[in-house]
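Q: What follows is run_34.txt; its format and atoms are compact mmCIF, C-alpha atoms.
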# COMPACT_ATOMS: atom_id res chain seq x y z
CA MET C 1 153.05 119.56 59.12
CA SER C 2 152.03 117.22 56.34
CA THR C 3 152.13 113.44 56.40
CA THR C 4 155.08 113.45 54.04
CA THR C 5 157.11 115.75 56.29
CA ILE C 6 156.54 113.57 59.34
CA GLU C 7 157.82 110.46 57.61
CA ASP C 8 161.47 111.09 58.55
CA PRO C 9 160.82 111.88 62.22
CA MET C 10 158.53 108.86 62.46
CA LYS C 11 161.13 106.58 60.83
CA HIS C 12 163.71 107.86 63.30
CA ALA C 13 161.34 107.25 66.22
CA ARG C 14 160.58 103.72 64.99
CA ARG C 15 164.30 102.96 64.72
CA ARG C 16 164.79 104.13 68.30
CA ILE C 17 161.87 102.01 69.47
CA ASP C 18 163.22 98.99 67.62
CA GLY C 19 166.63 99.67 69.14
CA LEU C 20 165.10 99.76 72.62
CA GLN C 21 163.46 96.41 72.06
CA ALA C 22 166.65 94.84 70.69
CA PHE C 23 168.83 96.26 73.44
CA ALA C 24 166.40 95.11 76.12
CA HIS C 25 166.35 91.63 74.63
CA ASP C 26 170.13 91.43 74.36
CA ALA C 27 170.68 92.84 77.85
CA ALA C 28 168.05 90.58 79.47
CA ALA C 29 166.38 93.68 80.91
CA ASP C 30 163.05 93.63 82.70
CA SER C 31 160.83 92.62 79.80
CA SER C 32 157.58 93.76 81.43
CA ARG C 33 158.89 97.29 81.94
CA ILE C 34 160.22 97.63 78.39
CA ARG C 35 156.95 96.18 77.03
CA ARG C 36 155.02 98.87 78.92
CA HIS C 37 157.30 101.54 77.50
CA VAL C 38 157.03 100.17 73.97
CA ASP C 39 153.24 99.99 74.27
CA ALA C 40 153.17 103.62 75.41
CA LEU C 41 155.48 104.58 72.54
CA HIS C 42 153.18 102.90 70.04
CA ARG C 43 150.25 104.87 71.46
CA GLU C 44 152.30 108.06 71.09
CA GLU C 45 153.13 107.09 67.49
CA ALA C 46 149.45 106.53 66.75
CA SER C 47 148.66 109.92 68.27
CA VAL C 48 151.16 111.63 65.95
CA LEU C 49 149.75 109.87 62.90
CA ALA C 50 146.18 110.67 63.90
CA ALA C 51 147.11 114.33 64.36
CA ALA C 52 148.73 114.35 60.91
CA ARG C 53 145.41 113.21 59.43
CA THR C 54 142.95 115.23 61.49
CA ALA C 55 144.73 118.02 63.38
CA PRO C 56 147.90 119.09 61.55
CA ASP C 57 148.47 121.99 63.95
CA GLU C 58 149.02 119.43 66.76
CA VAL C 59 151.64 117.31 64.96
CA GLU C 60 154.71 119.14 66.31
CA GLU C 61 153.37 118.90 69.84
CA LYS C 62 152.63 115.19 69.42
CA LEU C 63 156.08 114.57 67.92
CA GLY C 64 157.61 116.33 70.90
CA GLN C 65 155.66 114.09 73.25
CA LEU C 66 156.82 111.01 71.35
CA ARG C 67 160.45 112.14 71.49
CA THR C 68 160.35 112.85 75.21
CA ARG C 69 158.56 109.55 75.91
CA LEU C 70 161.36 107.85 73.96
CA ALA C 71 163.91 109.56 76.21
CA VAL C 72 162.02 108.31 79.27
CA ALA C 73 162.05 104.76 77.91
CA GLU C 74 165.73 104.87 77.00
CA ASN C 75 166.76 106.21 80.40
CA SER C 76 164.53 103.67 82.10
CA LEU C 77 166.20 100.87 80.18
CA PHE C 78 169.65 102.19 81.10
CA ALA C 79 168.60 102.08 84.75
CA ASP C 80 167.25 98.56 84.37
CA VAL C 81 170.50 97.21 82.92
CA ALA C 82 172.80 99.08 85.30
CA ASP C 83 175.18 96.78 87.09
CA GLU C 84 176.28 99.13 89.84
CA TRP C 85 174.55 101.54 92.18
CA THR C 86 175.94 104.83 90.85
CA THR C 87 175.09 103.93 87.26
CA PHE C 88 171.57 102.95 88.32
CA ALA C 89 171.05 106.12 90.37
CA ASP C 90 172.35 108.36 87.56
CA ALA C 91 170.09 106.65 85.01
CA VAL C 92 167.07 107.05 87.31
CA GLU C 93 167.86 110.75 87.68
CA ASP C 94 168.06 111.06 83.89
CA GLU C 95 164.76 109.19 83.63
CA LEU C 96 163.16 111.60 86.11
CA ARG C 97 164.41 114.61 84.13
CA SER C 98 162.86 113.05 81.02
CA TRP C 99 159.60 112.57 82.90
CA ASP C 100 159.67 116.27 83.86
CA ILE C 101 159.97 117.30 80.21
CA TYR C 102 157.25 114.85 79.17
CA LEU C 103 154.89 116.14 81.87
CA GLU C 104 155.58 119.73 80.81
CA ARG C 105 154.53 118.79 77.28
CA LEU C 106 151.37 117.14 78.57
CA GLN C 107 150.68 120.22 80.68
CA ALA C 108 150.80 122.32 77.51
CA THR C 109 148.32 119.94 75.88
CA ALA C 110 146.04 120.16 78.91
CA ALA C 111 146.18 123.96 78.87
CA ALA C 112 144.54 123.93 75.44
CA LYS C 113 141.52 122.02 76.75
CA ALA C 114 138.42 123.77 77.98
CA GLY C 115 136.52 123.62 81.26
CA ASN C 116 136.24 120.32 83.10
CA ALA C 117 138.48 118.48 80.65
CA ARG C 118 141.31 120.87 81.46
CA GLU C 119 140.74 120.58 85.21
CA ARG C 120 140.69 116.77 85.05
CA ALA C 121 143.85 116.70 82.92
CA GLU C 122 145.67 119.09 85.23
CA ALA C 123 144.64 117.06 88.28
CA ALA C 124 145.89 113.87 86.63
CA ILE C 125 149.18 115.56 85.71
CA ALA C 126 149.56 116.73 89.32
CA ASP C 127 148.99 113.13 90.43
CA VAL C 128 151.75 111.91 88.11
CA ARG C 129 154.07 114.66 89.34
CA THR C 130 153.43 113.44 92.87
CA GLU C 131 154.55 109.96 91.81
CA ARG C 132 157.62 111.44 90.14
CA ILE C 133 158.52 113.18 93.41
CA ALA C 134 157.97 109.89 95.26
CA VAL C 135 160.50 108.16 92.99
CA TYR C 136 163.04 110.91 93.64
CA ASP C 137 162.42 110.72 97.39
CA ARG C 138 162.79 106.94 97.29
CA LEU C 139 166.05 107.31 95.36
CA GLU C 140 167.40 109.78 97.91
CA GLN C 141 166.38 107.51 100.76
CA ALA C 142 168.03 104.57 99.00
CA ARG C 143 171.24 106.57 98.56
CA ALA C 144 171.35 107.11 102.30
CA ASP C 145 170.68 103.42 103.05
CA VAL C 146 172.60 101.64 100.29
CA ASN C 147 175.39 100.18 102.53
CA GLY C 148 176.32 97.36 100.19
CA ALA C 149 172.72 96.18 99.74
CA TRP C 150 172.10 98.14 96.61
CA HIS C 151 170.01 95.47 94.89
CA GLU C 152 167.42 95.72 97.64
CA GLN C 153 167.41 99.52 97.40
CA ARG C 154 167.18 99.23 93.63
CA ASN C 155 164.04 97.11 94.02
CA HIS C 156 162.43 99.77 96.24
CA VAL C 157 163.24 102.52 93.76
CA SER C 158 162.06 100.38 90.84
CA ALA C 159 158.73 99.73 92.56
CA ALA C 160 158.23 103.50 92.79
CA ARG C 161 159.24 103.83 89.12
CA ASP C 162 156.61 101.21 88.21
CA GLU C 163 153.89 103.25 89.91
CA LEU C 164 155.06 106.42 88.14
CA GLU C 165 154.95 104.63 84.77
CA ARG C 166 151.48 103.25 85.47
CA LYS C 167 150.10 106.68 86.38
CA ALA C 168 151.80 108.34 83.39
CA ASP C 169 150.42 105.71 81.02
CA GLU C 170 146.90 106.31 82.34
CA LEU C 171 147.35 110.03 81.91
CA SER C 172 148.74 109.74 78.41
CA ALA C 173 145.94 107.40 77.33
CA ASN C 174 143.34 109.85 78.64
CA LEU C 175 144.93 112.93 77.04
CA ASN C 176 145.54 111.38 73.63
Since I need it in another form, could you write the structure as structure tokens?
A:
Amino acid sequence: MSTTTIEDPMKHARRRIDGLQAFAHDAAADSSRIRRHVDALHREEASVLAAARTAPDEVEEKLGQLRTRLAVAENSLFADVADEWTTFADAVEDELRSWDIYLERLQATAAAKAGNARERAEAAIADVRTERIAVYDRLEQARADVNGAWHEQRNHVSAARDELERKADELSANLN
């Protein structure tokens, strides 16, 4: 894919990123979380552009990673601004599905690596998957314990989400 053919998908991605930032600002969402997501999205953007210049055969894969990371960020923001438990829980489940897709894409990238680099990447992906499972487990536990104290349960689930995001950001930075 040439640089000129990635212009439209990149413009679309930038509009979505800008929209995330504006929505987060307007909704008074957790600014540190959205900043982390936006930083990760900018790294993904840079990875697409670098691939367009140096490894054109990787552009589609990198665009796919950017798109799925955008979905993660959008679903995360929806969870952050949720004003009731069921909306929050549904948004977290959507976020986790987005993480699954993103990790599958990273797994495909790791499979193309050779030797120790592949093993390290696959181990790091497995570590992130473990964190993803921990978020789901925490969400299920919170569902069982919500009993009117959903803000407290939300905080527990969000702490697990923070750890997942941190691990995924480390992984992404190391793979790209």
Q: Which residue gives the smallest distance to Glu119 (chain C) among C:Ala134, C:Leu175, C:Ala50, C:Val157, with all atoms listed in the file counted?
A: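 Counting all atoms listed in the file, the residue closest to Glu119 (chain C) is C:Leu175.
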Q: Extract, using only C-alpha atoms, all DNA, RNA and protein residues at most 10 Å from Thr130 (chain C), discarding same-chain residues fewer than 6 positions from it, and format them as a list in words.
A: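 So, after excluding close chain neighbours, the residues are Ala124, Tyr136, Leu164 and Lys167 of chain C.
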Q: If I take CA of Val48 (chain C) and CA of Arg16 (chain C), how far is one from the other in Å, to one decimal?
A: 15.7 Å
Q: What's the separation between CA of Ser47 (chain C) and CA of Asp169 (chain C), in Å to one decimal place?
A: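 Separating CA of Ser47 (chain C) from CA of Asp169 (chain C) is a distance of 13.5 Å.
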Q: I need the residue nearest Glu45 (chain C) from this list: C:Met10, C:Val72, C:Leu77, C:Leu106. Use all atoms listed in the file for the distance.
A: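 Comparing C:Met10, C:Val72, C:Leu77, C:Leu106 against Glu45 (chain C), the winner is C:Met10.
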Q: Tell me which residues come within 12 Å of (148.8, 121.8, 78.0), as a list in words, counting all atoms listed in the file in the file's coordinates.
A: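 The distance filter leaves exactly Glu58, Glu61, Lys62, Gln65, Tyr102, Leu103, Glu104, Arg105, Leu106, Gln107, Ala108, Thr109, Ala110, Ala111, Ala112, Lys113, Ala114, Ala117, Arg118, Glu119, Arg120, Ala121, Glu122, Ile125, Leu175 and Asn176 of chain C.
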Q: Would you please work out which residue, of C:Ala73, C:Ala24, C:Arg15, C:Leu171, is nearest to Arg36 (chain C) when using all atoms listed in the file?
A: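 Counting all atoms listed in the file, the residue closest to Arg36 (chain C) is C:Ala73.
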Q: Find, counting all atoms listed in the file, the residue in C:Glu93, C:Asp57, C:Asp100, C:Glu165 that gets nearest to Arg35 (chain C).
A: C:Glu165
Q: CA of Gly19 (chain C) and CA of His156 (chain C), how far apart in Å?
A: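 So the answer is 27.4 Å.
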